Amino acid sequence: MESKETQFESSSEEKSVSVHETENQSENESQRLQSEALAKALSSMLTTVIKEFDSKAQQTSTSQDHLSQSLDRLTRELDKLLEDAPLPFIMQHAAKISVVRKRVSSLNSVLKSVQRRLDNIDRMLSVGVSHQHQQQQQHDKATTEHSGLQ
């Protein structure tokens with residue numbers, strides 16, 4: 001009689017442990033799926049924002065290039081005008097335009113530097129996201145293999 005009770009208790013304990021392990025695995029899987037969903041949502045949102053910023057930066061760069069070309073053209077025309085009529089008033093404005101041209105050129109250089117940095121950050125994020133995804137898959141595989149051994 002005692003042996004049947006001991007076997008029943010042992011069987012009940014094993015079932016309880018098995019149910020507990022199954023619940024833990026289900027909970028871990030649920031957390032993993034939630035984490036993946038959150039990571040995908042964040043990645044999607046960041047990708048959209050980065051593309052939008054990239055587009056705006058490209059538009060600004062194009063606009064800066066156009067402005068720089070217009071200032072170059074204006075400077076050439078003023079130089080021709082100065083050759084014909086070197087008035088102090090015209091020379092003063094030509095100097096101001098030259099200063100503006102230098103500032104636009106400097107700003108354009110800064111903008112291009114910022115664009116390169118944003119491109120580098122974008123590449124690093126893309127590589128980091130895929131690296132994290134690979135690590136998660138390896139971890140999941142190791143967890144599955146480990147739980148299969150028990």
# chains A, B, ... in the order shown; residues from 1 in each chain; ligands from 1
$ residues_around --residues "region 104-117 of chain A" --least-positions-apart "5" --cutoff "7 Å" --atoms "only C-alpha atoms" --output "PyMOL selection string"
chain A and resi 57+61+64+68
$ atom_distance --atom1 "CA of Glu21 (chain A)" --atom2 "CA of Asp140 (chain A)"
15.9 Å
$ closest_residue --among "A:Thr47, A:Gln92, A:Thr22, A:Thr62" --to "Ile121 (chain A)" --atoms "only C-alpha atoms"
A:Thr47
$ closest_residue --among "A:Asp54, A:Glu36, A:Glu29, A:Asp79" --to "Leu118 (chain A)" --atoms "only C-alpha atoms"
A:Asp54
$ atom_distance --atom1 "CA of Ser126 (chain A)" --atom2 "CA of Ser63 (chain A)"
28.3 Å
